[in-house]
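Chemist: For reference, this is structure.pdb, and it has PDB, C-alpha atoms.
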MODEL        1
ATOM      1  CA  MET A 277      80.628  12.029  -7.906
ATOM      2  CA  GLY A 278      78.208   9.110  -7.347
ATOM      3  CA  LYS A 279      76.086  10.093 -10.343
ATOM      4  CA  ARG A 280      79.181  10.193 -12.572
ATOM      5  CA  ARG A 281      80.211   6.702 -11.386
ATOM      6  CA  ASP A 282      76.697   5.343 -12.029
ATOM      7  CA  HIS A 283      76.669   6.868 -15.504
ATOM      8  CA  ARG A 284      80.081   5.343 -16.272
ATOM      9  CA  ASN A 285      78.880   1.936 -15.034
ATOM     10  CA  MET A 286      75.779   2.140 -17.232
ATOM     11  CA  ASN A 287      77.957   2.928 -20.265
ATOM     12  CA  ILE A 288      80.149  -0.094 -19.507
ATOM     13  CA  ILE A 289      77.077  -2.366 -19.206
ATOM     14  CA  GLU A 290      75.594  -0.997 -22.428
ATOM     15  CA  LYS A 291      78.858  -1.548 -24.316
ATOM     16  CA  TYR A 292      79.087  -5.090 -22.937
ATOM     17  CA  PHE A 293      75.616  -6.040 -24.151
ATOM     18  CA  LYS A 294      76.181  -4.431 -27.535
ATOM     19  CA  LYS A 295      79.386  -6.412 -27.897
ATOM     20  CA  HIS A 296      78.088  -9.786 -26.690
ATOM     21  CA  SER A 297      74.449  -9.720 -27.751
ATOM     22  CA  ASN A 298      73.675 -10.954 -31.261
ATOM     23  CA  TYR A 299      69.947 -10.172 -31.174
ATOM     24  CA  GLY A 300      70.308  -7.503 -33.855
ATOM     25  CA  ASP A 301      72.272  -9.863 -36.089
ATOM     26  CA  ILE A 302      69.679 -12.626 -35.611
ATOM     27  CA  HIS A 303      66.864 -10.196 -36.427
ATOM     28  CA  GLN A 304      68.636  -9.001 -39.577
ATOM     29  CA  ASP A 305      69.361 -12.599 -40.591
ATOM     30  CA  LYS A 306      65.675 -13.518 -40.179
ATOM     31  CA  LYS A 307      64.607 -10.572 -42.345
ATOM     32  CA  ARG A 308      67.141 -11.612 -44.970
ATOM     33  CA  GLN A 309      65.873 -15.200 -44.927
ATOM     34  CA  TYR A 310      62.253 -14.098 -45.325
ATOM     35  CA  GLY A 311      63.240 -11.754 -48.141
ATOM     36  CA  LEU A 312      65.114 -14.495 -49.988
ATOM     37  CA  GLY A 313      62.224 -16.916 -49.437
ATOM     38  CA  ILE A 314      59.705 -14.502 -50.939
ATOM     39  CA  THR A 315      62.083 -13.791 -53.826
ATOM     40  CA  GLY A 316      62.395 -17.540 -54.453
ATOM     41  CA  ILE A 317      58.600 -17.905 -54.613
ATOM     42  CA  LEU A 318      58.333 -14.987 -57.060
ATOM     43  CA  LEU A 319      61.096 -16.462 -59.241
ATOM     44  CA  PHE A 320      59.286 -19.810 -59.212
ATOM     45  CA  ILE A 321      56.029 -18.172 -60.362
ATOM     46  CA  CYS A 322      57.894 -16.244 -63.083
ATOM     47  CA  ALA A 323      59.589 -19.424 -64.349
ATOM     48  CA  TRP A 324      56.241 -21.246 -64.216
ATOM     49  CA  ALA A 325      54.547 -18.465 -66.184
ATOM     50  CA  ALA A 326      57.351 -18.204 -68.770
ATOM     51  CA  GLY A 327      57.516 -21.955 -69.344
ATOM     52  CA  GLY A 328      53.742 -22.280 -69.368
ATOM     53  CA  TYR A 329      53.181 -19.529 -71.891
ATOM     54  CA  ALA A 330      55.972 -20.888 -74.094
ATOM     55  CA  VAL A 331      54.182 -24.258 -74.282
ATOM     56  CA  PHE A 332      50.473 -23.550 -73.867
ATOM     57  CA  SER A 333      50.352 -20.546 -76.197
ATOM     58  CA  LYS A 334      50.634 -22.978 -79.110
ATOM     59  CA  PRO A 335      47.250 -23.770 -80.692
ATOM     60  CA  GLU A 336      47.551 -27.531 -80.182
ATOM     61  CA  PHE A 337      48.032 -27.034 -76.407
ATOM     62  CA  LYS A 338      45.494 -24.251 -75.964
ATOM     63  CA  HIS A 339      43.075 -26.459 -73.997
ATOM     64  CA  PHE A 340      45.812 -26.988 -71.366
ATOM     65  CA  SER A 341      46.018 -23.271 -70.539
ATOM     66  CA  GLY A 342      44.478 -24.013 -67.141
ATOM     67  CA  PHE A 343      47.961 -25.043 -65.998
ATOM     68  CA  LEU A 344      49.125 -21.409 -66.216
ATOM     69  CA  PRO A 345      49.604 -19.405 -62.981
ATOM     70  CA  GLY A 346      46.629 -17.083 -63.514
ATOM     71  CA  PRO A 347      43.863 -19.710 -63.816
ATOM     72  CA  THR A 348      45.580 -21.912 -61.227
ATOM     73  CA  LEU A 349      45.785 -19.200 -58.563
ATOM     74  CA  GLU A 350      42.193 -18.191 -59.258
ATOM     75  CA  SER A 351      41.092 -21.794 -58.810
ATOM     76  CA  LEU A 352      43.241 -22.055 -55.658
ATOM     77  CA  LEU A 353      41.325 -19.158 -54.135
ATOM     78  CA  GLY A 354      38.098 -20.939 -55.006
ATOM     79  CA  LEU A 355      39.330 -24.132 -53.340
ATOM     80  CA  SER A 356      40.142 -22.248 -50.139
ATOM     81  CA  THR A 357      36.441 -21.470 -49.684
ATOM     82  CA  SER A 358      35.200 -24.931 -50.692
ATOM     83  CA  LEU A 359      33.993 -27.286 -47.958
ATOM     84  CA  ASP A 360      34.570 -30.289 -50.218
ATOM     85  CA  PHE A 361      38.241 -29.345 -50.483
ATOM     86  CA  TRP A 362      38.693 -29.048 -46.706
ATOM     87  CA  HIS A 363      36.889 -32.354 -46.173
ATOM     88  CA  ALA A 364      39.379 -33.911 -48.614
ATOM     89  CA  VAL A 365      42.289 -32.298 -46.756
ATOM     90  CA  ALA A 366      40.960 -33.667 -43.441
ATOM     91  CA  ALA A 367      40.615 -37.166 -44.924
ATOM     92  CA  SER A 368      44.167 -37.113 -46.300
ATOM     93  CA  LEU A 369      45.637 -35.755 -43.059
ATOM     94  CA  ARG A 370      43.823 -38.459 -41.099
ATOM     95  CA  ARG A 371      45.356 -41.163 -43.292
ATOM     96  CA  VAL A 372      48.828 -39.662 -42.997
ATOM     97  CA  PHE A 373      48.681 -39.288 -39.211
ATOM     98  CA  ILE A 374      47.263 -42.769 -38.628
ATOM     99  CA  GLY A 375      49.844 -44.312 -40.963
ATOM    100  CA  ILE A 376      52.708 -42.463 -39.237
ATOM    101  CA  LEU A 377      51.301 -43.352 -35.807
ATOM    102  CA  VAL A 378      51.312 -47.054 -36.700
ATOM    103  CA  ALA A 379      54.799 -46.721 -38.196
ATOM    104  CA  PHE A 380      56.055 -44.914 -35.080
ATOM    105  CA  SER A 381      54.607 -47.566 -32.763
ATOM    106  CA  ILE A 382      56.660 -50.123 -34.710
ATOM    107  CA  GLY A 383      59.764 -48.174 -35.721
ATOM    108  CA  PHE A 384      60.450 -46.314 -32.477
ATOM    109  CA  PRO A 385      60.769 -49.290 -30.078
ATOM    110  CA  PHE A 386      62.644 -51.347 -32.675
ATOM    111  CA  GLY A 387      64.962 -48.401 -33.323
ATOM    112  CA  ILE A 388      65.705 -48.119 -29.595
ATOM    113  CA  LEU A 389      66.487 -51.841 -29.304
ATOM    114  CA  ILE A 390      68.564 -51.935 -32.501
ATOM    115  CA  GLY A 391      70.583 -48.918 -31.427
ATOM    116  CA  PHE A 392      71.089 -50.122 -27.849
ATOM    117  CA  TYR A 393      71.958 -53.770 -28.434
ATOM    118  CA  LYS A 394      74.806 -54.378 -30.869
ATOM    119  CA  ASN A 395      73.882 -57.987 -31.595
ATOM    120  CA  ILE A 396      70.334 -57.009 -32.572
ATOM    121  CA  ARG A 397      71.761 -54.274 -34.803
ATOM    122  CA  ILE A 398      74.010 -56.744 -36.623
ATOM    123  CA  LEU A 399      71.202 -59.301 -36.892
ATOM    124  CA  THR A 400      68.614 -56.898 -38.321
ATOM    125  CA  TYR A 401      70.848 -54.837 -40.619
ATOM    126  CA  PRO A 402      70.496 -56.994 -43.790
ATOM    127  CA  PRO A 403      66.664 -57.403 -43.736
ATOM    128  CA  ILE A 404      66.082 -53.739 -42.853
ATOM    129  CA  GLN A 405      68.341 -52.516 -45.661
ATOM    130  CA  LEU A 406      66.654 -54.917 -48.086
ATOM    131  CA  LEU A 407      63.095 -53.922 -47.183
ATOM    132  CA  ARG A 408      63.688 -50.181 -47.042
ATOM    133  CA  MET A 409      64.962 -50.236 -50.633
ATOM    134  CA  VAL A 410      61.589 -51.524 -51.861
ATOM    135  CA  SER A 411      59.367 -48.781 -53.232
ATOM    136  CA  PRO A 412      56.338 -48.287 -50.937
ATOM    137  CA  LEU A 413      53.996 -48.424 -53.922
ATOM    138  CA  SER A 414      55.362 -51.874 -54.792
ATOM    139  CA  TRP A 415      53.367 -53.143 -51.822
ATOM    140  CA  MET A 416      50.091 -51.982 -53.404
ATOM    141  CA  PRO A 417      49.025 -55.381 -54.894
ATOM    142  CA  ILE A 418      49.802 -57.116 -51.595
ATOM    143  CA  ALA A 419      47.893 -54.447 -49.669
ATOM    144  CA  LEU A 420      44.831 -54.981 -51.855
ATOM    145  CA  LEU A 421      44.999 -58.722 -51.246
ATOM    146  CA  ILE A 422      45.469 -58.467 -47.485
ATOM    147  CA  PHE A 423      42.991 -55.714 -46.608
ATOM    148  CA  ALA A 424      39.274 -55.852 -47.277
ATOM    149  CA  SER A 425      38.969 -52.064 -47.674
ATOM    150  CA  PHE A 426      40.910 -49.492 -49.673
ATOM    151  CA  GLU A 427      41.254 -47.428 -46.490
ATOM    152  CA  GLY A 428      43.184 -50.203 -44.755
ATOM    153  CA  ALA A 429      45.388 -50.632 -47.822
ATOM    154  CA  ILE A 430      46.285 -46.920 -47.767
ATOM    155  CA  TYR A 431      47.221 -47.077 -44.082
ATOM    156  CA  PHE A 432      49.413 -50.079 -44.853
ATOM    157  CA  LEU A 433      51.206 -48.306 -47.722
ATOM    158  CA  ILE A 434      51.884 -45.189 -45.637
ATOM    159  CA  THR A 435      53.125 -47.336 -42.749
ATOM    160  CA  MET A 436      55.494 -49.266 -45.036
ATOM    161  CA  ALA A 437      56.788 -45.986 -46.434
ATOM    162  CA  THR A 438      57.428 -44.293 -43.088
ATOM    163  CA  VAL A 439      58.507 -47.037 -40.703
ATOM    164  CA  TRP A 440      62.068 -47.159 -42.083
ATOM    165  CA  PRO A 441      63.077 -43.500 -41.641
ATOM    166  CA  ILE A 442      61.639 -43.591 -38.110
ATOM    167  CA  MET A 443      63.483 -46.801 -37.227
ATOM    168  CA  ILE A 444      66.810 -45.812 -38.797
ATOM    169  CA  ASN A 445      66.929 -42.275 -37.363
ATOM    170  CA  THR A 446      65.945 -43.527 -33.912
ATOM    171  CA  THR A 447      68.753 -46.084 -34.128
ATOM    172  CA  LEU A 448      71.151 -43.328 -35.158
ATOM    173  CA  GLY A 449      70.075 -41.174 -32.208
ATOM    174  CA  VAL A 450      70.620 -44.023 -29.738
ATOM    175  CA  SER A 451      74.051 -44.861 -31.152
ATOM    176  CA  ARG A 452      75.173 -41.228 -30.776
ATOM    177  CA  VAL A 453      74.287 -40.819 -27.105
ATOM    178  CA  ASN A 454      77.324 -39.654 -25.149
ATOM    179  CA  PRO A 455      78.925 -42.877 -23.817
ATOM    180  CA  ARG A 456      80.066 -41.017 -20.681
ATOM    181  CA  TRP A 457      76.435 -40.483 -19.700
ATOM    182  CA  LEU A 458      75.787 -44.220 -20.046
ATOM    183  CA  MET A 459      78.918 -45.072 -18.059
ATOM    184  CA  MET A 460      77.957 -42.683 -15.261
ATOM    185  CA  ALA A 461      74.434 -44.145 -15.101
ATOM    186  CA  LYS A 462      75.801 -47.712 -15.057
ATOM    187  CA  ASN A 463      78.198 -46.798 -12.247
ATOM    188  CA  GLN A 464      75.167 -45.643 -10.275
ATOM    189  CA  GLY A 465      73.608 -49.072 -10.751
ATOM    190  CA  ALA A 466      71.151 -48.239 -13.545
ATOM    191  CA  ARG A 467      69.566 -51.173 -15.362
ATOM    192  CA  ASP A 468      69.119 -51.325 -19.153
ATOM    193  CA  SER A 469      65.465 -50.265 -18.895
ATOM    194  CA  GLN A 470      66.436 -47.270 -16.755
ATOM    195  CA  LEU A 471      69.190 -46.314 -19.198
ATOM    196  CA  ILE A 472      66.705 -46.388 -22.060
ATOM    197  CA  TRP A 473      63.988 -44.358 -20.325
ATOM    198  CA  MET A 474      66.127 -41.894 -18.364
ATOM    199  CA  VAL A 475      69.124 -41.313 -20.639
ATOM    200  CA  ILE A 476      68.760 -42.645 -24.171
ATOM    201  CA  ILE A 477      65.240 -41.531 -25.101
ATOM    202  CA  PRO A 478      65.663 -37.936 -23.789
ATOM    203  CA  ALA A 479      69.034 -37.609 -25.540
ATOM    204  CA  SER A 480      67.580 -38.978 -28.805
ATOM    205  CA  VAL A 481      64.670 -36.507 -29.026
ATOM    206  CA  PRO A 482      66.266 -34.404 -31.849
ATOM    207  CA  TYR A 483      66.798 -37.545 -33.949
ATOM    208  CA  ILE A 484      63.264 -38.761 -33.216
ATOM    209  CA  LEU A 485      61.831 -35.448 -34.416
ATOM    210  CA  THR A 486      64.014 -35.634 -37.521
ATOM    211  CA  SER A 487      62.664 -39.125 -38.167
ATOM    212  CA  LEU A 488      59.097 -37.817 -37.913
ATOM    213  CA  ARG A 489      59.925 -34.984 -40.292
ATOM    214  CA  LEU A 490      61.344 -37.419 -42.856
ATOM    215  CA  ALA A 491      58.400 -39.776 -42.340
ATOM    216  CA  LEU A 492      55.934 -36.955 -42.899
ATOM    217  CA  GLY A 493      57.636 -35.984 -46.160
ATOM    218  CA  VAL A 494      57.613 -39.553 -47.433
ATOM    219  CA  ALA A 495      53.993 -40.121 -46.338
ATOM    220  CA  TRP A 496      52.836 -36.942 -48.064
ATOM    221  CA  ILE A 497      54.489 -38.092 -51.305
ATOM    222  CA  VAL A 498      53.053 -41.619 -51.138
ATOM    223  CA  LEU A 499      49.585 -40.422 -50.105
ATOM    224  CA  VAL A 500      48.333 -39.113 -53.451
ATOM    225  CA  PRO A 501      49.099 -42.203 -55.583
ATOM    226  CA  ALA A 502      47.787 -44.366 -52.721
ATOM    227  CA  GLU A 503      44.509 -42.436 -52.861
ATOM    228  CA  PHE A 504      44.138 -43.393 -56.533
ATOM    229  CA  LEU A 505      43.096 -46.852 -55.362
ATOM    230  CA  GLY A 506      39.382 -46.193 -55.644
ATOM    231  CA  ILE A 507      38.307 -44.197 -52.616
ATOM    232  CA  SER A 508      35.890 -41.272 -52.827
ATOM    233  CA  SER A 509      37.675 -38.786 -50.552
ATOM    234  CA  GLY A 510      41.075 -37.196 -50.142
ATOM    235  CA  LEU A 511      43.382 -35.016 -52.219
ATOM    236  CA  GLY A 512      44.306 -37.881 -54.540
ATOM    237  CA  TYR A 513      40.626 -38.406 -55.313
ATOM    238  CA  LEU A 514      40.244 -34.681 -56.095
ATOM    239  CA  ILE A 515      43.155 -34.858 -58.547
ATOM    240  CA  ASN A 516      41.614 -37.868 -60.275
ATOM    241  CA  ASP A 517      38.254 -36.124 -60.441
ATOM    242  CA  ALA A 518      39.763 -32.925 -61.892
ATOM    243  CA  ARG A 519      41.641 -34.968 -64.491
ATOM    244  CA  ASP A 520      38.513 -36.883 -65.530
ATOM    245  CA  THR A 521      36.491 -33.662 -65.876
ATOM    246  CA  MET A 522      39.440 -31.937 -67.653
ATOM    247  CA  GLU A 523      39.449 -29.050 -65.158
ATOM    248  CA  TYR A 524      43.173 -28.450 -65.506
ATOM    249  CA  ASP A 525      43.199 -25.204 -63.516
ATOM    250  CA  ARG A 526      41.588 -27.054 -60.588
ATOM    251  CA  LEU A 527      43.979 -29.972 -60.999
ATOM    252  CA  MET A 528      47.010 -27.672 -60.846
ATOM    253  CA  ALA A 529      45.511 -25.769 -57.911
ATOM    254  CA  ILE A 530      45.158 -29.013 -55.939
ATOM    255  CA  ILE A 531      48.794 -29.881 -56.698
ATOM    256  CA  ILE A 532      49.900 -26.457 -55.422
ATOM    257  CA  ALA A 533      47.676 -26.885 -52.351
ATOM    258  CA  ILE A 534      49.320 -30.246 -51.598
ATOM    259  CA  GLY A 535      52.721 -28.547 -51.697
ATOM    260  CA  ILE A 536      51.568 -25.704 -49.428
ATOM    261  CA  ILE A 537      50.051 -28.050 -46.843
ATOM    262  CA  GLY A 538      53.179 -30.229 -46.865
ATOM    263  CA  PHE A 539      55.351 -27.144 -46.395
ATOM    264  CA  ILE A 540      53.242 -26.016 -43.416
ATOM    265  CA  LEU A 541      53.420 -29.450 -41.769
ATOM    266  CA  ASP A 542      57.185 -29.599 -42.251
ATOM    267  CA  SER A 543      57.575 -26.095 -40.794
ATOM    268  CA  LEU A 544      55.532 -27.064 -37.723
ATOM    269  CA  ILE A 545      57.865 -29.979 -36.976
ATOM    270  CA  GLN A 546      60.879 -27.684 -37.396
ATOM    271  CA  LEU A 547      59.347 -25.190 -34.948
ATOM    272  CA  ILE A 548      58.748 -27.966 -32.396
ATOM    273  CA  ARG A 549      62.353 -29.104 -32.737
ATOM    274  CA  LYS A 550      63.702 -25.560 -32.312
ATOM    275  CA  TYR A 551      61.501 -25.087 -29.247
ATOM    276  CA  LEU A 552      62.759 -28.308 -27.668
ATOM    277  CA  ASP A 553      66.365 -27.415 -28.500
ATOM    278  CA  TRP A 554      65.827 -24.073 -26.755
ATOM    279  CA  ILE A 555      64.271 -25.386 -23.535
ATOM    280  CA  TRP A 556      66.382 -28.552 -23.413
ATOM    281  CA  PRO A 557      69.719 -28.322 -25.250
ATOM    282  CA  ASN A 558      71.283 -31.673 -25.894
TER
ENDMDL
END
Mind turning this structure into structure tokens?

Modeler:
Amino acid sequence: MGKRRDHRNMNIIEKYFKKHSNYGDIHQDKKRQYGLGITGILLFICAWAAGGYAVFSKPEFKHFSGFLPGPTLESLLGLSTSLDFWHAVAASLRRVFIGILVAFSIGFPFGILIGFYKNIRILTYPPIQLLRMVSPLSWMPIALLIFASFEGAIYFLITMATVWPIMINTTLGVSRVNPRWLMMAKNQGARDSQLIWMVIIPASVPYILTSLRLALGVAWIVLVPAEFLGISSGLGYLINDARDTMEYDRLMAIIIAIGIIGFILDSLIQLIRKYLDWIWPN
């Protein structure tokens, strides 16, 4: 009798978990996403090959055949084993991270203040909107005049490109904090500094990570033209060098490598955000 009751209870528990657990659905959805992603990459390569052969098979464009997928992928494999390439990647990543770090040290505190204090938000809205509409590369002549080295000019350009998404998204995160949390903290006697450190910043973490993701995308786009300034390292320098030596397969391989590295960096930030959402839901 007891065994029958235990067996019936186990069946009830098993049915409950099958009904309420969505692990299988999540697993199937992940497999579907990966499958569609791989299909998208294959379709991209097919479109690249079809368009490339349609253009570069003509005799007048024969010397540009290095842009086709075959030579490009072969050159990409060669780059993956080249120390010069990885040194260039390290130099470019250093410039991006330093530029974003400077932008974050400026944009994050200003974003907190602008989002928290209404008068500051109204006061700063016109100049921020004006400056963020200026193309980052428009600052290049000024950067060359201000900074004695090309390296400093590149940091300046990346900072000017990334400070606005960090500032604006941080402001957005602060303005969307649940007002009940702020009211409860104020009723407990919390000062403005305590509200910012104990309530606003923790609640704004998803927006801060989004701002860093946007900043990284913008910095990665601005980086290559910024590295055309005259430096002798970085991915932009490699593109210039490949163009000057007419190694078009290498040039295209570097472009593809830039896209792959940017995709990996973006995915890392998304993973960090998902991890923080899991351990600390907003």

Chemist: What's the separation between atom CA of Met436 of chain A and atom CA of Ile477 of chain A, in Å to one decimal place?

Modeler: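 Interatomic distance here is 23.5 Å.
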
Chemist: Give me, as a Markdown table, each residue of segment 498-533 of chain A that comes within 10 Å of segment 345-366 of chain A, together with its shortest interatomic pair and the distance in Å at one decimal, counting all atoms listed in the file, with rows ordered by chain and rising residue number.

Modeler:
| residue | atom | partner | partner_atom | distance |
| --- | --- | --- | --- | --- |
| A:Ser508 | CA | A:Ala364 | CA | 9.2 |
| A:Ser509 | CA | A:Ala364 | CA | 5.5 |
| A:Gly510 | CA | A:Ala364 | CA | 4.0 |
| A:Leu511 | CA | A:Ala364 | CA | 5.5 |
| A:Gly512 | CA | A:Ala364 | CA | 8.7 |
| A:Tyr513 | CA | A:Ala364 | CA | 8.2 |
| A:Leu514 | CA | A:Ala364 | CA | 7.6 |
| A:Glu523 | CA | A:Ser351 | CA | 9.8 |
| A:Tyr524 | CA | A:Thr348 | CA | 8.2 |
| A:Asp525 | CA | A:Thr348 | CA | 4.7 |
| A:Arg526 | CA | A:Ser351 | CA | 5.6 |
| A:Leu527 | CA | A:Thr348 | CA | 8.2 |
| A:Met528 | CA | A:Thr348 | CA | 5.9 |
| A:Ala529 | CA | A:Leu352 | CA | 4.9 |
| A:Ile530 | CA | A:Leu352 | CA | 7.2 |
| A:Ile531 | CA | A:Leu352 | CA | 9.7 |
| A:Ile532 | CA | A:Leu352 | CA | 8.0 |
| A:Ala533 | CA | A:Leu352 | CA | 7.3 |

Chemist: Could you put an axis-aligned box around every listed atom of segment 448-467 of chain A, padded by 6 Å on each side, and send me its centre and edge lengths in Å to one decimal, as lines of an AutoDock Vina configuration file?

Modeler:
center_x = 74.8
center_y = -45.4
center_z = -22.7
size_x = 22.5
size_y = 23.5
size_z = 36.9

Chemist: For the atom pair atom CA of Val453 of chain A and atom CA of Pro478 of chain A, what is the interatomic distance in Å to one decimal place?

Modeler: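 So the answer is 9.7 Å.
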
Chemist: Using Å and a single decimal, report how far atom CA of Val481 of chain A sits from atom CA of Trp457 of chain A.

Modeler: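 Value for the atom CA of Trp457 of chain A-atom CA of Val481 of chain A distance: 15.5 Å.
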
Chemist: Would you please work out which residue, of A:Arg371, A:Arg456, A:Lys394, A:Lys306, is nearest to Ile434 of chain A when using all atoms listed in the file?

Modeler: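 Answer, going by the shortest atom-to-atom distance: A:Arg371.
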
Chemist: Which residues, written as a list of chain:residue names, have at least one atom at most 9 Å from segment 415-419 of chain A, with all atoms listed in the file counted and residues fewer than 3 positions away on the same chain left out?

Modeler: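 Within the cut-off, the hits are A:Val410, A:Ser411, A:Pro412, A:Ile422, A:Phe423, A:Phe426, A:Gly428, A:Ala429, A:Ile430, A:Phe432, A:Leu433, A:Met436, A:Ala502, A:Leu505.
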
Chemist: For the residues in that selection, give me C-alpha atoms as a CSV table (one decimal), in the coordinates of the input.

Modeler:
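Saved as out-v6.csv:
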chain,number,residue,atom,x,y,z
A,410,VAL,CA,61.6,-51.5,-51.9
A,411,SER,CA,59.4,-48.8,-53.2
A,412,PRO,CA,56.3,-48.3,-50.9
A,422,ILE,CA,45.5,-58.5,-47.5
A,423,PHE,CA,43.0,-55.7,-46.6
A,426,PHE,CA,40.9,-49.5,-49.7
A,428,GLY,CA,43.2,-50.2,-44.8
A,429,ALA,CA,45.4,-50.6,-47.8
A,430,ILE,CA,46.3,-46.9,-47.8
A,432,PHE,CA,49.4,-50.1,-44.9
A,433,LEU,CA,51.2,-48.3,-47.7
A,436,MET,CA,55.5,-49.3,-45.0
A,502,ALA,CA,47.8,-44.4,-52.7
A,505,LEU,CA,43.1,-46.9,-55.4

Chemist: Could you check which of A:Val450, A:Met522, A:Ile444, A:Leu377 is closest to Leu492 of chain A, using all atoms listed in the file?

Modeler: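 Selected residue with least distance to Leu492 of chain A: A:Leu377.
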
Chemist: As a PyMOL selection string, please: the residues near Ile540 of chain A (cut-off 12 Å, all atoms listed in the file, same-chain neighbours under 5 positions excluded).

Modeler: chain A and resi 489+492-493+496+533-535+545-547

Chemist: List, as a PyMOL selection string, every residue that the PyMOL selection byres ((chain A and resi 454) around 12) selects in the file provided.

Modeler: chain A and resi 449-453+455-461+475-476+478-480+558

Chemist: Between A:Phe340, A:Phe373, A:Tyr431, A:Trp440, which one has atoms that come closest to Phe386 of chain A, using all atoms listed in the file?

Modeler: A:Trp440

Chemist: For Ile374 of chain A, which of A:Ser425, A:Thr435, A:Thr315, A:Ser333 is the closest residue, counting all atoms listed in the file?

Modeler: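 Checking each of A:Ser425, A:Thr435, A:Thr315, A:Ser333 against Ile374 of chain A, counting all atoms listed in the file, the winner is A:Thr435.
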
Chemist: On this structure, which residues satisfy the PyMOL selection byres ((chain A and resi 402-404) around 12), written as a PyMOL selection string?

Modeler: chain A and resi 383+386-387+390+396-401+405-410+436+439-441+443-444+447

Chemist: With all heavy atoms as the target, complete segment 489-494 of chain A and hand it back as an mmCIF file, in the frame of the given file.

Modeler:
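Output contents, as saved in selection04.cif:
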data_model
loop_
_atom_site.group_PDB
_atom_site.id
_atom_site.type_symbol
_atom_site.label_atom_id
_atom_site.label_comp_id
_atom_site.auth_asym_id
_atom_site.auth_seq_id
_atom_site.Cartn_x
_atom_site.Cartn_y
_atom_site.Cartn_z
ATOM 1 N N ARG A 489 59.939 -35.923 -39.168
ATOM 2 C CA ARG A 489 59.925 -34.984 -40.292
ATOM 3 C C ARG A 489 60.136 -35.712 -41.612
ATOM 4 O O ARG A 489 59.437 -35.463 -42.602
ATOM 5 C CB ARG A 489 61.018 -33.929 -40.082
ATOM 6 C CG ARG A 489 61.048 -32.865 -41.156
ATOM 7 C CD ARG A 489 62.218 -31.929 -40.967
ATOM 8 N NE ARG A 489 62.268 -30.950 -42.039
ATOM 9 C CZ ARG A 489 63.306 -30.160 -42.273
ATOM 10 N NH1 ARG A 489 64.372 -30.211 -41.500
ATOM 11 N NH2 ARG A 489 63.280 -29.300 -43.276
ATOM 12 N N LEU A 490 61.106 -36.631 -41.646
ATOM 13 C CA LEU A 490 61.344 -37.419 -42.856
ATOM 14 C C LEU A 490 60.142 -38.303 -43.179
ATOM 15 O O LEU A 490 59.748 -38.439 -44.345
ATOM 16 C CB LEU A 490 62.592 -38.276 -42.671
ATOM 17 C CG LEU A 490 63.929 -37.533 -42.574
ATOM 18 C CD1 LEU A 490 65.041 -38.490 -42.204
ATOM 19 C CD2 LEU A 490 64.247 -36.812 -43.879
ATOM 20 N N ALA A 491 59.556 -38.905 -42.137
ATOM 21 C CA ALA A 491 58.400 -39.776 -42.340
ATOM 22 C C ALA A 491 57.228 -38.995 -42.905
ATOM 23 O O ALA A 491 56.512 -39.482 -43.793
ATOM 24 C CB ALA A 491 58.007 -40.443 -41.026
ATOM 25 N N LEU A 492 57.034 -37.782 -42.396
ATOM 26 C CA LEU A 492 55.934 -36.955 -42.899
ATOM 27 C C LEU A 492 56.126 -36.613 -44.370
ATOM 28 O O LEU A 492 55.177 -36.675 -45.163
ATOM 29 C CB LEU A 492 55.835 -35.674 -42.072
ATOM 30 C CG LEU A 492 54.739 -34.684 -42.468
ATOM 31 C CD1 LEU A 492 53.363 -35.316 -42.311
ATOM 32 C CD2 LEU A 492 54.838 -33.415 -41.627
ATOM 33 N N GLY A 493 57.366 -36.283 -44.756
ATOM 34 C CA GLY A 493 57.636 -35.984 -46.160
ATOM 35 C C GLY A 493 57.381 -37.168 -47.065
ATOM 36 O O GLY A 493 56.763 -37.028 -48.129
ATOM 37 N N VAL A 494 57.825 -38.338 -46.634
ATOM 38 C CA VAL A 494 57.613 -39.553 -47.433
ATOM 39 C C VAL A 494 56.128 -39.895 -47.520
ATOM 40 O O VAL A 494 55.596 -40.243 -48.582
ATOM 41 C CB VAL A 494 58.409 -40.732 -46.833
ATOM 42 C CG1 VAL A 494 58.063 -42.031 -47.549
ATOM 43 C CG2 VAL A 494 59.900 -40.470 -46.917
#
